[in-house]
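Asks: Compact mmCIF, C-alpha atoms, file my_file.txt:
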# COMPACT_ATOMS: atom_id res chain seq x y z
CA MET A 143 90.98 51.52 159.92
CA ASN A 144 92.81 50.33 163.00
CA VAL A 145 94.30 52.76 165.49
CA GLU A 146 97.90 51.81 164.65
CA LEU A 147 97.43 52.44 160.92
CA THR A 148 95.67 55.73 161.66
CA GLU A 149 98.68 56.86 163.69
CA ILE A 150 101.09 55.82 160.92
CA VAL A 151 99.09 57.77 158.33
CA GLN A 152 99.16 60.86 160.53
CA ARG A 153 102.86 60.46 161.29
CA HIS A 154 103.68 60.08 157.60
CA LEU A 155 101.70 63.14 156.48
CA THR A 156 103.14 65.20 159.34
CA ALA A 157 106.68 64.23 158.31
CA TRP A 158 106.00 65.59 154.80
CA GLN A 159 104.53 68.81 156.18
CA ASP A 160 107.47 69.25 158.57
CA GLY A 161 109.94 68.91 155.69
CA ASP A 162 111.76 66.10 157.53
CA PRO A 163 113.26 63.52 155.09
CA ALA A 164 114.41 61.17 157.86
CA ALA A 165 110.96 61.17 159.46
CA VAL A 166 109.34 60.44 156.08
CA ALA A 167 111.62 57.41 155.63
CA ASP A 168 111.10 56.22 159.21
CA SER A 169 107.31 56.40 159.03
CA VAL A 170 106.72 53.69 156.38
CA ALA A 171 108.43 50.69 154.81
CA THR A 172 108.18 51.89 151.21
CA PHE A 173 106.84 54.85 149.28
CA SER A 174 106.29 55.56 145.58
CA ASP A 175 104.91 58.44 143.57
CA PRO A 176 104.90 59.48 139.88
CA ASP A 177 108.51 60.71 140.22
CA THR A 178 109.94 57.40 141.47
CA GLU A 179 110.70 54.50 139.16
CA GLU A 180 110.00 51.97 141.92
CA PRO A 181 108.97 51.89 145.58
CA LEU A 182 111.65 53.45 147.79
CA GLY A 183 112.53 52.81 151.41
CA GLY A 184 115.15 53.81 153.96
CA ALA A 185 117.96 56.06 152.73
CA ALA A 186 116.61 56.08 149.15
CA LEU A 187 113.25 57.37 150.37
CA ALA A 188 114.93 60.00 152.55
CA ALA A 189 116.96 61.19 149.54
CA HIS A 190 113.80 61.38 147.41
CA ALA A 191 111.99 63.38 150.09
CA GLU A 192 114.96 65.75 150.35
CA ARG A 193 114.78 66.39 146.58
CA VAL A 194 111.07 67.09 146.83
CA PHE A 195 111.60 69.57 149.67
CA ALA A 196 114.33 71.32 147.64
CA GLN A 197 111.96 71.64 144.67
CA PHE A 198 108.84 72.58 146.67
CA ALA A 199 109.27 74.52 149.90
CA GLY A 200 106.69 75.13 152.61
CA LEU A 201 104.78 72.02 151.63
CA LYS A 202 101.30 71.81 153.17
CA ILE A 203 98.92 68.86 152.89
CA GLU A 204 95.23 69.42 153.55
CA VAL A 205 93.41 66.11 154.02
CA GLU A 206 90.06 66.21 152.23
CA GLN A 207 88.85 62.67 152.87
CA GLN A 208 89.94 59.44 154.56
CA VAL A 209 88.38 56.08 153.78
CA PRO A 210 88.67 53.65 156.73
CA SER A 211 89.56 49.96 156.41
CA PRO A 212 91.30 47.51 158.75
CA THR A 213 94.37 47.06 156.54
CA VAL A 214 94.09 49.80 153.90
CA ALA A 215 93.84 53.56 154.22
CA LEU A 216 92.89 55.84 151.34
CA VAL A 217 93.64 59.51 151.89
CA SER A 218 92.72 62.21 149.39
CA TRP A 219 94.44 65.56 149.86
CA ARG A 220 95.31 68.94 148.42
CA LEU A 221 98.99 69.86 148.42
CA THR A 222 100.22 73.45 148.34
CA ALA A 223 103.90 74.47 148.09
CA ASP A 224 106.29 77.08 146.69
CA HIS A 225 108.25 76.11 143.58
CA ARG A 226 111.91 76.74 144.50
CA SER A 227 113.98 74.48 142.22
CA ALA A 228 113.78 72.81 138.80
CA TYR A 229 111.12 70.12 138.46
CA LEU A 230 110.75 67.98 135.33
CA GLY A 231 112.94 70.48 133.48
CA MET A 232 110.78 73.45 134.53
CA PRO A 233 112.95 76.20 136.04
CA ALA A 234 112.02 77.50 139.48
CA THR A 235 109.16 79.98 139.14
CA GLY A 236 108.94 81.13 142.76
CA GLY A 237 105.19 80.69 142.44
CA THR A 238 102.80 78.60 144.49
CA VAL A 239 101.48 75.32 143.16
CA SER A 240 98.33 73.58 144.37
CA VAL A 241 97.41 70.08 143.28
CA ARG A 242 95.11 67.28 144.42
CA GLY A 243 96.22 63.68 144.92
CA THR A 244 95.77 60.49 146.93
CA ASP A 245 97.85 58.30 149.21
CA VAL A 246 97.02 54.60 149.48
CA PHE A 247 98.43 52.93 152.61
CA THR A 248 98.57 49.14 152.69
CA VAL A 249 99.87 46.81 155.39
CA ASP A 250 101.65 43.47 155.08
CA GLU A 251 104.17 41.49 157.09
CA THR A 252 107.00 43.85 156.04
CA GLY A 253 105.27 47.03 157.18
CA VAL A 254 103.23 49.89 155.74
CA HIS A 255 103.56 50.79 152.07
CA VAL A 256 102.40 54.05 150.46
CA VAL A 257 101.48 54.68 146.84
CA ARG A 258 101.02 58.40 146.16
CA THR A 259 99.32 59.54 142.96
CA PHE A 260 98.92 63.04 141.52
CA ASP A 261 98.65 64.61 138.08
CA ARG A 262 102.04 65.91 136.94
CA LEU A 263 100.32 67.73 134.06
CA ALA A 264 98.26 69.62 136.63
CA VAL A 265 101.46 70.59 138.44
CA ALA A 266 102.95 71.88 135.17
CA ALA A 267 99.79 73.86 134.39
CA ALA A 268 99.79 75.38 137.89
CA LEU A 269 103.36 76.57 137.27
CA GLY A 270 102.42 78.19 133.95
CA PHE A 271 103.73 75.45 131.63
CA GLU A 272 101.97 73.62 128.80
CA ALA A 273 102.84 69.97 128.28
CA ARG A 274 104.11 68.81 124.91
CA PHE A 275 104.57 65.13 124.10
CA THR A 276 107.47 63.83 122.01
CA PRO A 277 108.28 60.28 120.91
CA GLN A 278 110.98 58.38 122.72
CA ALA A 279 114.38 58.32 121.03
CA ASP A 280 114.94 55.41 118.68
CA GLY A 281 118.16 54.12 117.18
CA ASP A 282 118.28 56.88 114.56
CA ARG A 283 116.52 59.92 115.99
CA GLN A 284 116.06 62.01 119.10
CA PHE A 285 113.16 64.38 119.66
CA GLY A 286 112.65 67.58 121.63
CA VAL A 287 110.94 70.95 122.03
CA SER A 288 111.66 74.42 120.68
CA SER A 289 110.99 78.12 121.18
CA ARG A 290 111.21 81.29 119.09
CA THR A 291 112.08 84.86 120.09
CA PRO A 292 111.23 87.25 117.22
CA VAL A 293 111.99 90.97 117.50
CA GLY A 294 109.98 92.12 114.47
CA ARG A 295 113.00 93.02 112.32
CA THR A 296 112.66 91.71 108.77
CA ALA A 297 116.13 92.44 107.38
CA ARG A 298 117.80 89.45 105.74
CA PRO A 299 120.52 88.12 108.09
CA GLY A 300 124.16 88.33 107.08
CA VAL A 301 125.30 86.04 109.90
CA LEU A 302 123.87 83.14 111.93
CA ALA A 303 125.34 82.01 115.25
CA LEU A 304 124.77 78.42 116.37
CA THR A 305 125.64 77.21 119.87
CA TRP A 306 124.83 74.10 121.83
CA LEU A 307 125.37 72.79 125.34
CA ASP A 308 125.13 69.23 126.66
CA VAL A 309 123.38 69.03 130.04
CA ARG A 310 123.56 66.30 132.66
CA ASP A 311 120.00 66.33 133.99
CA ASP A 312 116.74 68.28 134.26
CA ALA A 313 118.12 70.58 136.96
CA GLU A 314 121.07 71.61 134.80
CA ALA A 315 118.77 71.98 131.79
CA ALA A 316 116.58 74.39 133.74
CA ASP A 317 119.68 76.34 134.81
CA VAL A 318 120.78 76.68 131.18
CA ASP A 319 117.27 77.80 130.20
CA LEU A 320 117.39 80.64 132.71
CA LEU A 321 120.81 81.74 131.45
CA SER A 322 119.57 81.57 127.86
CA VAL A 323 116.60 83.81 128.67
CA GLU A 324 118.92 86.44 130.15
CA VAL A 325 121.24 86.30 127.13
CA VAL A 326 118.38 86.76 124.66
CA LYS A 327 116.94 89.61 126.73
CA SER A 328 120.27 91.41 126.53
CA LEU A 329 120.38 90.92 122.75
CA ARG A 330 116.94 92.39 122.06
CA ALA A 331 118.28 95.92 122.56
CA SER A 332 121.00 95.42 119.94
CA LYS A 333 120.12 96.98 116.55
CA GLY A 334 121.85 94.24 114.60
CA PHE A 335 120.05 91.38 116.38
CA LEU A 336 117.27 89.87 114.22
CA GLY A 337 115.89 87.03 116.36
CA ALA A 338 116.61 83.75 118.10
CA ALA A 339 115.35 80.19 118.14
CA THR A 340 116.14 77.49 120.69
CA PHE A 341 115.54 73.77 120.48
CA ASP A 342 116.23 70.92 122.87
CA ILE A 343 116.98 67.46 121.51
CA GLY A 344 117.91 64.74 123.96
CA ASN A 345 120.43 66.21 126.41
CA ARG A 346 121.60 68.88 123.95
CA LYS A 347 120.30 72.47 124.05
CA PHE A 348 120.72 74.46 120.82
CA THR A 349 120.44 78.21 120.26
CA MET A 350 120.43 79.87 116.83
CA THR A 351 120.61 83.66 116.58
CA ALA A 352 120.48 85.88 113.49
CA TYR A 353 122.31 89.19 112.92
CA ASP A 354 122.38 91.71 110.11
CA ARG A 355 126.18 91.55 109.76
CA GLU A 356 129.24 89.96 111.34
CA GLU A 357 130.14 93.01 113.43
CA SER A 358 126.78 92.79 115.23
CA VAL A 359 127.69 89.41 116.68
CA ARG A 360 129.82 91.28 119.21
CA ALA A 361 126.57 92.21 120.95
CA VAL A 362 126.30 88.63 122.18
CA HIS A 363 129.28 89.20 124.47
CA ALA A 364 127.27 91.29 126.93
CA ARG A 365 127.35 90.48 130.62
CA PRO A 366 124.70 87.72 130.62
CA HIS A 367 126.64 85.81 127.95
CA GLN A 368 129.92 86.36 129.78
CA ARG A 369 128.30 85.06 132.97
CA ALA A 370 127.09 81.94 131.15
CA MET A 371 130.56 81.30 129.72
CA ARG A 372 132.13 81.64 133.17
CA ARG A 373 129.66 79.10 134.49
CA PHE A 374 130.88 76.65 131.85
CA PHE A 375 134.62 77.24 132.21
CA LYS A 376 134.84 77.98 135.93
CA SER A 377 131.81 76.41 137.65
CA GLY A 378 131.35 73.07 135.92
CA LEU A 379 128.09 73.89 134.13
CA CYS A 380 127.35 71.34 131.36
CA THR A 381 129.64 68.67 129.96
CA ARG A 382 130.29 69.99 126.45
CA ALA A 383 129.74 73.15 124.41
CA LEU A 384 130.02 74.43 120.84
CA THR A 385 129.94 77.99 119.47
CA SER A 386 129.99 78.80 115.76
CA ILE A 387 129.33 81.58 113.22
CA TRP A 388 127.73 80.85 109.84
CA VAL A 389 127.35 83.08 106.78
CA PRO A 390 124.29 82.29 104.59
CA THR A 391 125.05 81.68 100.92
CA ALA A 392 121.39 81.84 99.86
CA ILE A 393 118.07 82.81 101.47
CA ARG A 394 114.89 82.03 99.56
CA GLU A 395 111.41 82.87 100.81
CA TYR A 396 107.98 82.02 99.43
CA ALA A 397 104.43 82.80 100.49
CA ARG A 398 101.16 81.22 99.35
CA CYS A 399 98.42 83.65 98.38
CA PRO A 400 95.30 83.13 100.55
CA GLU A 401 93.07 84.31 97.72
CA CYS A 402 94.18 82.26 94.69
CA ASP A 403 96.65 79.77 96.25
CA THR A 404 99.49 80.99 94.01
CA VAL A 405 103.03 80.81 95.41
CA VAL A 406 104.67 84.26 95.53
CA THR A 407 108.46 84.41 95.29
CA MET A 408 109.56 87.12 97.70
CA HIS A 409 113.36 86.93 97.55
CA GLN A 410 113.45 87.88 93.87
CA ALA A 411 111.70 91.22 94.47
CA GLU A 412 113.99 94.22 94.87
CA ASP A 413 112.47 95.25 98.18
CA GLY A 414 111.80 91.66 99.30
CA ILE A 415 108.05 92.13 98.94
CA GLY A 416 106.47 89.99 96.24
CA VAL A 417 103.10 90.67 94.64
CA CYS A 418 100.68 88.00 93.47
CA ASP A 419 99.00 88.32 90.06
CA CYS A 420 95.72 88.91 91.89
CA GLY A 421 97.21 91.88 93.71
CA TRP A 422 97.87 90.30 97.13
CA SER A 423 101.22 91.15 98.75
CA PRO A 424 102.56 89.21 101.75
CA GLU A 425 103.89 91.07 104.76
CA PRO A 426 107.64 90.66 105.39
CA GLU A 427 108.45 88.14 108.13
CA PRO A 428 111.55 87.83 110.34
CA LEU A 429 113.81 84.91 109.49
CA LEU A 430 113.69 83.65 113.10
Mind turning this structure into structure tokens?
Replies:
Amino acid sequence: MNVELTEIVQRHLTAWQDGDPAAVADSVATFSDPDTEEPLGGAALAAHAERVFAQFAGLKIEVEQQVPSPTVALVSWRLTADHRSAYLGMPATGGTVSVRGTDVFTVDETGVHVVRTFDRLAVAAALGFEARFTPQADGDRQFGVSSRTPVGRTARPGVLALTWLDVRDDAEAADVDLLSVEVVKSLRASKGFLGAATFDIGNRKFTMTAYDREESVRAVHARPHQRAMRRFFKSGLCTRALTSIWVPTAIREYARCPECDTVVTMHQAEDGIGVCDCGWSPEPEPLL
């Protein structure tokens, strides 16, 4: 590896460690990594580096190996940084992430070009997230992910509340997730709250909550929920929102006996606990 290329490699890695977007852009002609759709240069590269530094602070790169060549440099490294802002829809954890990767430097008549590779699944795992794969949206359907927050209360709900918010991007989605967590935490202490489920489909984030009766829905208006509503009306959070209250007209529940495979009808029993002919009785389950 020639001396000039060695110096460029060092200058480029130092710019990343110094958290200097302008220096990153000045050090090479183009740069790409798994988070860029195409090679970036100049102002576009500086903007990308600035986003990375906002997401991961205190970035440190430990070079593990360099492979010399006159016109190509291969650098393998371990990167360590603090997760400070949403990344790929994952809210900021405040934790430290460590991941291995490689930079390939090539030289042509237009300058030095860098292709950085690393495992985004490894980054997610280091931040405490499990990856789930969904199909791409087609002309008829969109797909997403979901979560469930049971509280162990098995009373049949008298009211369901459905809300949704449309988000602009991953950063806003992560912001809404954090607000949603605080709202659900505040609801858990309410006696009339029976559980919650959330599901994300496309750019829309849904929340469904169950309550024993209509009066209990007032519990949702605690401070975390009020704070979230102010963010929508006063601070420009999200582009659209819906809130609604639904009263169930029928709730039917069945359970399959593990012993004889018979279906037990639970909602017809007086106490909501059905009994199979073989004597097995299913435990009551929360609706959400």
Asks: For the point (117.1, 68.8, 139.3) in the file's frame, write as a list in words all residues with an atom no more than 6 Å away, counting all atoms listed in the file.
Replies: Ala228, Asp312 and Ala313 of chain A
Asks: Give me the range 238-322 of chain A side of the contact with range 181-191 of chain A, cut-off 10 Å, one line per residue showing its nearest atom pair and distance in Å at one decimal, counting all atoms listed in the file, sorted by chain and residue number, as a Markdown table.
Replies:
| residue | atom | partner | partner_atom | distance |
| --- | --- | --- | --- | --- |
| A:His255 | CA | A:Pro181 | CA | 8.5 |
| A:Val256 | CA | A:Pro181 | CA | 8.5 |
| A:Val257 | CA | A:Pro181 | CA | 8.1 |
Asks: Between A:Thr305, A:Phe285, A:Ala392, A:Ala397, single out the one closest to Asp342 in chain A, counting only C-alpha atoms.
Replies: A:Phe285
Asks: What residues have an atom no more than 10 Å from (94.0, 70.9, 137.9) in the file's own frame, counting only C-alpha atoms, and can you write them as a PyMOL selection string?
Replies: chain A and resi 240-242+260-268
Asks: Based on the selection just made, write C-alpha atoms of those residues as a JSON list (two decimals), in the frame of the given file.
Replies:
[["chain", "number", "residue", "atom", "x", "y", "z"],
["A", 240, "SER", "CA", 98.33, 73.58, 144.37],
["A", 241, "VAL", "CA", 97.41, 70.08, 143.28],
["A", 242, "ARG", "CA", 95.11, 67.28, 144.42],
["A", 260, "PHE", "CA", 98.92, 63.04, 141.52],
["A", 261, "ASP", "CA", 98.65, 64.61, 138.08],
["A", 262, "ARG", "CA", 102.04, 65.91, 136.94],
["A", 263, "LEU", "CA", 100.32, 67.73, 134.06],
["A", 264, "ALA", "CA", 98.26, 69.62, 136.63],
["A", 265, "VAL", "CA", 101.46, 70.59, 138.44],
["A", 266, "ALA", "CA", 102.95, 71.88, 135.17],
["A", 267, "ALA", "CA", 99.79, 73.86, 134.39],
["A", 268, "ALA", "CA", 99.79, 75.38, 137.89]]
Asks: Quick one: residues within 10 Å of Phe335 in chain A, only C-alpha atoms, excluding same-chain residues fewer than 3 positions away - as a ChimeraX atom specification?
Replies: /A:292-293,295,297,299,301,326,329-332,338,351-355,358-359,361-362
Asks: So that I can check the surroundings of Val318 in chain A, please list as a list of chain:residue names every protein, DNA and RNA residue that reaches within 9 Å of it, counting only C-alpha atoms and ignoring chain neighbours fewer than 3 positions away.
Replies: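 The contact residues come out as A:Leu307, A:Val309, A:Ala313, A:Glu314, A:Ala315, A:Leu321, A:Ser322, A:Val323, A:Lys347, A:Ala370, A:Leu379, A:Cys380.
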Asks: Produce a file of the selected residues containing C-alpha atoms, as a compact mmCIF listing (two decimals), keeping the file's coordinate frame.
Replies:
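And here is the file that came out, again38.txt:
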# COMPACT_ATOMS: atom_id res chain seq x y z
CA LEU A 307 125.37 72.79 125.34
CA VAL A 309 123.38 69.03 130.04
CA ALA A 313 118.12 70.58 136.96
CA GLU A 314 121.07 71.61 134.80
CA ALA A 315 118.77 71.98 131.79
CA LEU A 321 120.81 81.74 131.45
CA SER A 322 119.57 81.57 127.86
CA VAL A 323 116.60 83.81 128.67
CA LYS A 347 120.30 72.47 124.05
CA ALA A 370 127.09 81.94 131.15
CA LEU A 379 128.09 73.89 134.13
CA CYS A 380 127.35 71.34 131.36
Asks: Which one is closest to Glu204 in chain A: A:Arg346, A:Lys376, A:Ser169, A:Ala223? Count all atoms listed in the file.
Replies: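 Nearest to Glu204 in chain A: A:Ala223.
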Asks: Which polymer residues have any atom within 12 Å of an atom of range 270-278 of chain A, counting only C-alpha atoms, with same-chain residues fewer than 5 positions away left out, as a PDB file with C-alpha atoms, in the frame of the given file?
Replies:
ATOM      1  CA  HIS A 225     108.250  76.110 143.580  1.00  0.00           C
ATOM      2  CA  TYR A 229     111.120  70.120 138.460  1.00  0.00           C
ATOM      3  CA  LEU A 230     110.750  67.980 135.330  1.00  0.00           C
ATOM      4  CA  GLY A 231     112.940  70.480 133.480  1.00  0.00           C
ATOM      5  CA  MET A 232     110.780  73.450 134.530  1.00  0.00           C
ATOM      6  CA  PRO A 233     112.950  76.200 136.040  1.00  0.00           C
ATOM      7  CA  ALA A 234     112.020  77.500 139.480  1.00  0.00           C
ATOM      8  CA  THR A 235     109.160  79.980 139.140  1.00  0.00           C
ATOM      9  CA  GLY A 236     108.940  81.130 142.760  1.00  0.00           C
ATOM     10  CA  GLY A 237     105.190  80.690 142.440  1.00  0.00           C
ATOM     11  CA  THR A 238     102.800  78.600 144.490  1.00  0.00           C
ATOM     12  CA  VAL A 239     101.480  75.320 143.160  1.00  0.00           C
ATOM     13  CA  ASP A 261      98.650  64.610 138.080  1.00  0.00           C
ATOM     14  CA  ARG A 262     102.040  65.910 136.940  1.00  0.00           C
ATOM     15  CA  LEU A 263     100.320  67.730 134.060  1.00  0.00           C
ATOM     16  CA  ALA A 264      98.260  69.620 136.630  1.00  0.00           C
ATOM     17  CA  VAL A 265     101.460  70.590 138.440  1.00  0.00           C
ATOM     18  CA  ARG A 283     116.520  59.920 115.990  1.00  0.00           C
ATOM     19  CA  GLN A 284     116.060  62.010 119.100  1.00  0.00           C
ATOM     20  CA  PHE A 285     113.160  64.380 119.660  1.00  0.00           C
ATOM     21  CA  GLY A 286     112.650  67.580 121.630  1.00  0.00           C
ATOM     22  CA  VAL A 287     110.940  70.950 122.030  1.00  0.00           C
ATOM     23  CA  SER A 288     111.660  74.420 120.680  1.00  0.00           C
ATOM     24  CA  ASP A 342     116.230  70.920 122.870  1.00  0.00           C
ATOM     25  CA  ILE A 343     116.980  67.460 121.510  1.00  0.00           C
ATOM     26  CA  GLY A 344     117.910  64.740 123.960  1.00  0.00           C
TER      27      GLY A 344
END
Asks: When you draw a straight line from CA of Asp224 in chain A to CA of Pro366 in chain A, how long is it in Å?
Replies: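 So the two atoms, CA of Asp224 in chain A and CA of Pro366 in chain A, lie 26.7 Å apart.
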Asks: Report the distance between CA of Gly243 in chain A and CA of His154 in chain A in Å, rounded to one decimal place.
Replies: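 According to the coordinates, CA of Gly243 in chain A and CA of His154 in chain A are separated by 15.1 Å.
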Asks: Suppose you want the space between CA of Asp282 in chain A and CA of Phe348 in chain A; what is it in Å?
Replies: 18.8 Å
Asks: Using only C-alpha atoms, find the one residue out of A:Glu324, A:Glu146, A:Asp403, A:Glu192 that sits nearest to Asp160 in chain A.
Replies: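 Of all the options, A:Glu192 lies closest to Asp160 in chain A.
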Asks: Find the residues around Thr407 in chain A up to 7 Å (all atoms listed in the file counted), leave out those fewer than 3 positions away in its own chain, and share them as JSON, numbers by chain.
Replies: {"A": [395, 396, 397, 410, 416]}
Asks: With C-alpha atoms retained, export the selected residues as a PDB file, in the coordinates of the input.
Replies:
ATOM      1  CA  GLU A 395     111.410  82.870 100.810  1.00  0.00           C
ATOM      2  CA  TYR A 396     107.980  82.020  99.430  1.00  0.00           C
ATOM      3  CA  ALA A 397     104.430  82.800 100.490  1.00  0.00           C
ATOM      4  CA  GLN A 410     113.450  87.880  93.870  1.00  0.00           C
ATOM      5  CA  GLY A 416     106.470  89.990  96.240  1.00  0.00           C
TER       6      GLY A 416
END
Asks: Residues at most 10 Å from Ile393 in chain A, counting all atoms listed in the file, excluding those fewer than 3 positions away in the same chain, as a list in words?
Replies: Arg298, Pro299, Gly300, Pro390, His409 and Leu429 of chain A
Asks: Give me a file of those residues, with C-alpha atoms, as an mmCIF file, in the coordinates of the input.
Replies:
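As written to disk, result.cif reads:
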data_model
loop_
_atom_site.group_PDB
_atom_site.id
_atom_site.type_symbol
_atom_site.label_atom_id
_atom_site.label_comp_id
_atom_site.auth_asym_id
_atom_site.auth_seq_id
_atom_site.Cartn_x
_atom_site.Cartn_y
_atom_site.Cartn_z
ATOM 1 C CA ARG A 298 117.800 89.450 105.740
ATOM 2 C CA PRO A 299 120.520 88.120 108.090
ATOM 3 C CA GLY A 300 124.160 88.330 107.080
ATOM 4 C CA PRO A 390 124.290 82.290 104.590
ATOM 5 C CA HIS A 409 113.360 86.930 97.550
ATOM 6 C CA LEU A 429 113.810 84.910 109.490
#
Asks: Please determine, counting all atoms listed in the file, which residue among A:Arg394, A:Lys333, A:Arg365, A:Arg226 has the shortest atom-to-atom distance to Ala316 in chain A.
Replies: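 Ranked by minimum distance to Ala316 in chain A, first place goes to A:Arg226.
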